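Asks: The structure that follows is given in the form of structure tokens.
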Amino acid sequence: MAPMIDMVFLLLVFFMTVASVAKSQRTVELDLAESEQSKIPEDASGRGILSVDAEGVYYIGDQPQSLEAIKESIAARIRQEPELQIQVRADRTTEYAAVQKLLKAAAESGAYEIIYATFEAR
């Protein structure tokens, strides 16, 4: 009976861990711009995902955030992962001024590699 209880607790910990990782990788539903130069990455690990929707609301993953909170979050992640790449996702109808503020916040936080997300045009 004791080994079965141990297995149940191990499975519980496993599923809790997987659920939290999956939640951190969720993103906001956006209508991304298309590009013929766009390529699907083979390995998307080591990326921080920032988004801005058509109304100019900023997100880390799927959680709305202020620009100051985004700066603090990126700076903290870069201290933990110096090779962190920032992926910026913007709705195709978002004003460029909002995108520019997000890019500036990422750069001020110490991000030196920023990837702009688009759909692959066919």
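All residue names refer to the structure tokens as shown: chains lettered A, B, ... in order, residues numbered from 1 in each chain, ligands numbered from 1 in order.
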So that I can check the surroundings of Gln63 in chain A, please list as a compact mmCIF listing (two decimals) with C-alpha atoms, in the first residue's frame every protein, DNA and RNA residue that reaches within 9 Å of it, counting only C-alpha atoms and ignoring chain neighbours fewer than 4 positions away.
Replies:
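Okay, out_14.txt is ready:
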# COMPACT_ATOMS: atom_id res chain seq x y z
CA THR A 27 -0.29 33.27 -25.07
CA VAL A 28 -3.01 35.72 -26.01
CA TYR A 58 0.55 44.41 -22.97
CA TYR A 59 0.88 40.78 -21.87
Asks: As a list in words, please: the residues near Arg77 in chain A (cut-off 12 Å, only C-alpha atoms, same-chain neighbours under 4 positions excluded).
Replies: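 These residues fall inside the cut-off: Gly46, Arg47, Gly48, Ile49, Ile70, Lys71, Glu72, Ser73, Glu81, Pro82, Glu83, Leu84, Gln85, Ile86, Ala106, Ser109, Gly110 and Ala111 of chain A.
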Asks: Can you check which residues of range 3-119 of chain A DSSP gives as alpha helix (DSSP H) on the backbone and send them as a VMD selection string?
Replies: chain A and resid 3 to 24 67 to 80 96 to 108
Asks: Include C-alpha atoms and write out the residues we just selected as an mmCIF file, in the first residue's frame.
Replies:
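Saved result, part05.cif, follows:
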data_model
loop_
_atom_site.group_PDB
_atom_site.id
_atom_site.type_symbol
_atom_site.label_atom_id
_atom_site.label_comp_id
_atom_site.auth_asym_id
_atom_site.auth_seq_id
_atom_site.Cartn_x
_atom_site.Cartn_y
_atom_site.Cartn_z
ATOM 1 C CA PRO A 3 4.414 2.177 -2.673
ATOM 2 C CA MET A 4 1.030 2.958 -4.231
ATOM 3 C CA ILE A 5 0.659 6.077 -2.083
ATOM 4 C CA ASP A 6 4.181 7.149 -3.106
ATOM 5 C CA MET A 7 3.267 6.717 -6.783
ATOM 6 C CA VAL A 8 0.106 8.760 -6.357
ATOM 7 C CA PHE A 9 2.061 11.622 -4.771
ATOM 8 C CA LEU A 10 4.718 11.471 -7.508
ATOM 9 C CA LEU A 11 2.036 11.637 -10.192
ATOM 10 C CA LEU A 12 0.356 14.520 -8.397
ATOM 11 C CA VAL A 13 3.635 16.490 -8.260
ATOM 12 C CA PHE A 14 4.331 15.685 -11.918
ATOM 13 C CA PHE A 15 0.944 16.937 -13.116
ATOM 14 C CA MET A 16 1.135 20.068 -10.967
ATOM 15 C CA THR A 17 4.547 20.889 -12.449
ATOM 16 C CA VAL A 18 3.422 20.264 -16.028
ATOM 17 C CA ALA A 19 0.303 22.376 -15.511
ATOM 18 C CA SER A 20 2.304 25.348 -14.206
ATOM 19 C CA VAL A 21 4.790 25.153 -17.102
ATOM 20 C CA ALA A 22 1.952 24.883 -19.623
ATOM 21 C CA LYS A 23 0.218 27.901 -18.066
ATOM 22 C CA SER A 24 3.382 30.021 -18.286
ATOM 23 C CA LEU A 67 5.223 48.239 -19.081
ATOM 24 C CA GLU A 68 6.957 48.674 -15.713
ATOM 25 C CA ALA A 69 5.977 45.162 -14.634
ATOM 26 C CA ILE A 70 7.216 43.822 -17.967
ATOM 27 C CA LYS A 71 10.577 45.566 -17.489
ATOM 28 C CA GLU A 72 10.977 44.096 -14.004
ATOM 29 C CA SER A 73 9.961 40.625 -15.149
ATOM 30 C CA ILE A 74 12.342 40.610 -18.113
ATOM 31 C CA ALA A 75 15.231 41.905 -16.002
ATOM 32 C CA ALA A 76 14.632 39.171 -13.419
ATOM 33 C CA ARG A 77 14.473 36.450 -16.070
ATOM 34 C CA ILE A 78 17.636 37.730 -17.760
ATOM 35 C CA ARG A 79 19.476 37.538 -14.430
ATOM 36 C CA GLN A 80 18.419 33.868 -14.241
ATOM 37 C CA TYR A 96 3.269 50.788 -34.098
ATOM 38 C CA ALA A 97 3.669 53.237 -31.201
ATOM 39 C CA ALA A 98 2.457 50.509 -28.801
ATOM 40 C CA VAL A 99 4.847 47.965 -30.318
ATOM 41 C CA GLN A 100 7.698 50.465 -30.128
ATOM 42 C CA LYS A 101 7.056 51.036 -26.394
ATOM 43 C CA LEU A 102 7.164 47.270 -25.799
ATOM 44 C CA LEU A 103 10.421 46.903 -27.765
ATOM 45 C CA LYS A 104 11.939 49.819 -25.850
ATOM 46 C CA ALA A 105 10.895 48.292 -22.499
ATOM 47 C CA ALA A 106 12.496 44.975 -23.478
ATOM 48 C CA ALA A 107 15.722 46.694 -24.536
ATOM 49 C CA GLU A 108 15.878 48.786 -21.351
#
Asks: Applying 7 Å and only C-alpha atoms, which residues near Asp53 in chain A remain after dropping the ones on its own chain fewer than 2 positions away? List them as a PDB file with N, CA and C atoms, in the first residue's frame.
Replies:
ATOM      1  N   LEU A  30      -3.949  36.342 -30.979  1.00  0.00           N
ATOM      2  CA  LEU A  30      -3.729  37.538 -31.783  1.00  0.00           C
ATOM      3  C   LEU A  30      -3.782  37.182 -33.259  1.00  0.00           C
ATOM      4  N   SER A  51       3.363  40.102 -25.590  1.00  0.00           N
ATOM      5  CA  SER A  51       2.355  40.370 -26.609  1.00  0.00           C
ATOM      6  C   SER A  51       1.742  41.739 -26.386  1.00  0.00           C
ATOM      7  N   GLU A  55      -5.761  46.739 -28.945  1.00  0.00           N
ATOM      8  CA  GLU A  55      -6.091  47.900 -28.104  1.00  0.00           C
ATOM      9  C   GLU A  55      -4.872  48.474 -27.394  1.00  0.00           C
ATOM     10  N   GLY A  56      -3.706  47.862 -27.566  1.00  0.00           N
ATOM     11  CA  GLY A  56      -2.490  48.346 -26.927  1.00  0.00           C
ATOM     12  C   GLY A  56      -2.279  47.818 -25.525  1.00  0.00           C
ATOM     13  N   VAL A  57      -2.944  46.719 -25.166  1.00  0.00           N
ATOM     14  CA  VAL A  57      -2.759  46.096 -23.851  1.00  0.00           C
ATOM     15  C   VAL A  57      -1.572  45.142 -23.949  1.00  0.00           C
ATOM     16  N   TYR A  58      -0.660  45.223 -22.972  1.00  0.00           N
ATOM     17  CA  TYR A  58       0.555  44.414 -22.971  1.00  0.00           C
ATOM     18  C   TYR A  58       0.362  43.158 -22.125  1.00  0.00           C
ATOM     19  N   ALA A  90       2.560  40.854 -31.864  1.00  0.00           N
ATOM     20  CA  ALA A  90       1.653  42.003 -31.949  1.00  0.00           C
ATOM     21  C   ALA A  90       0.562  41.709 -32.972  1.00  0.00           C
ATOM     22  N   ASP A  91      -0.652  42.106 -32.629  1.00  0.00           N
ATOM     23  CA  ASP A  91      -1.765  41.975 -33.558  1.00  0.00           C
ATOM     24  C   ASP A  91      -1.480  42.837 -34.782  1.00  0.00           C
ATOM     25  N   THR A  94      -2.419  46.502 -34.440  1.00  0.00           N
ATOM     26  CA  THR A  94      -1.859  47.281 -33.337  1.00  0.00           C
ATOM     27  C   THR A  94      -1.076  48.468 -33.897  1.00  0.00           C
TER      28      THR A  94
END
Asks: Just the strand (DSSP E or B) stuff from chain A, please, per backbone DSSP, written as a list of chain:residue names.
Replies: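 Of chain A, the ones in strand (DSSP E or B) are A:Leu32, A:Glu34, A:Ser35, A:Arg47, A:Gly48, A:Ile49, A:Leu50, A:Ser51, A:Val52, A:Tyr58, A:Tyr59, A:Ile60, A:Gln63, A:Pro64, A:Gln65, A:Gln85, A:Ile86, A:Gln87, A:Val88, A:Arg89, A:Ala90, A:Asp91, A:Ile114, A:Ile115, A:Tyr116, A:Phe119, A:Glu120.
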Asks: Would you compute the distance between CA of Thr93 in chain A and CA of Ser66 in chain A? Give it in Å to one decimal.
Replies: 20.0 Å
Asks: Give me, please, the distance in Å between CA of Glu34 in chain A and CA of Thr118 in chain A, quoted to one decimal.
Replies: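 Between CA of Glu34 in chain A and CA of Thr118 in chain A the gap works out to 5.4 Å.
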Asks: Which value, in Å to one decimal, gives the distance between CA of Ala117 in chain A and CA of Ala54 in chain A?
Replies: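 Between CA of Ala117 in chain A and CA of Ala54 in chain A the gap works out to 15.0 Å.
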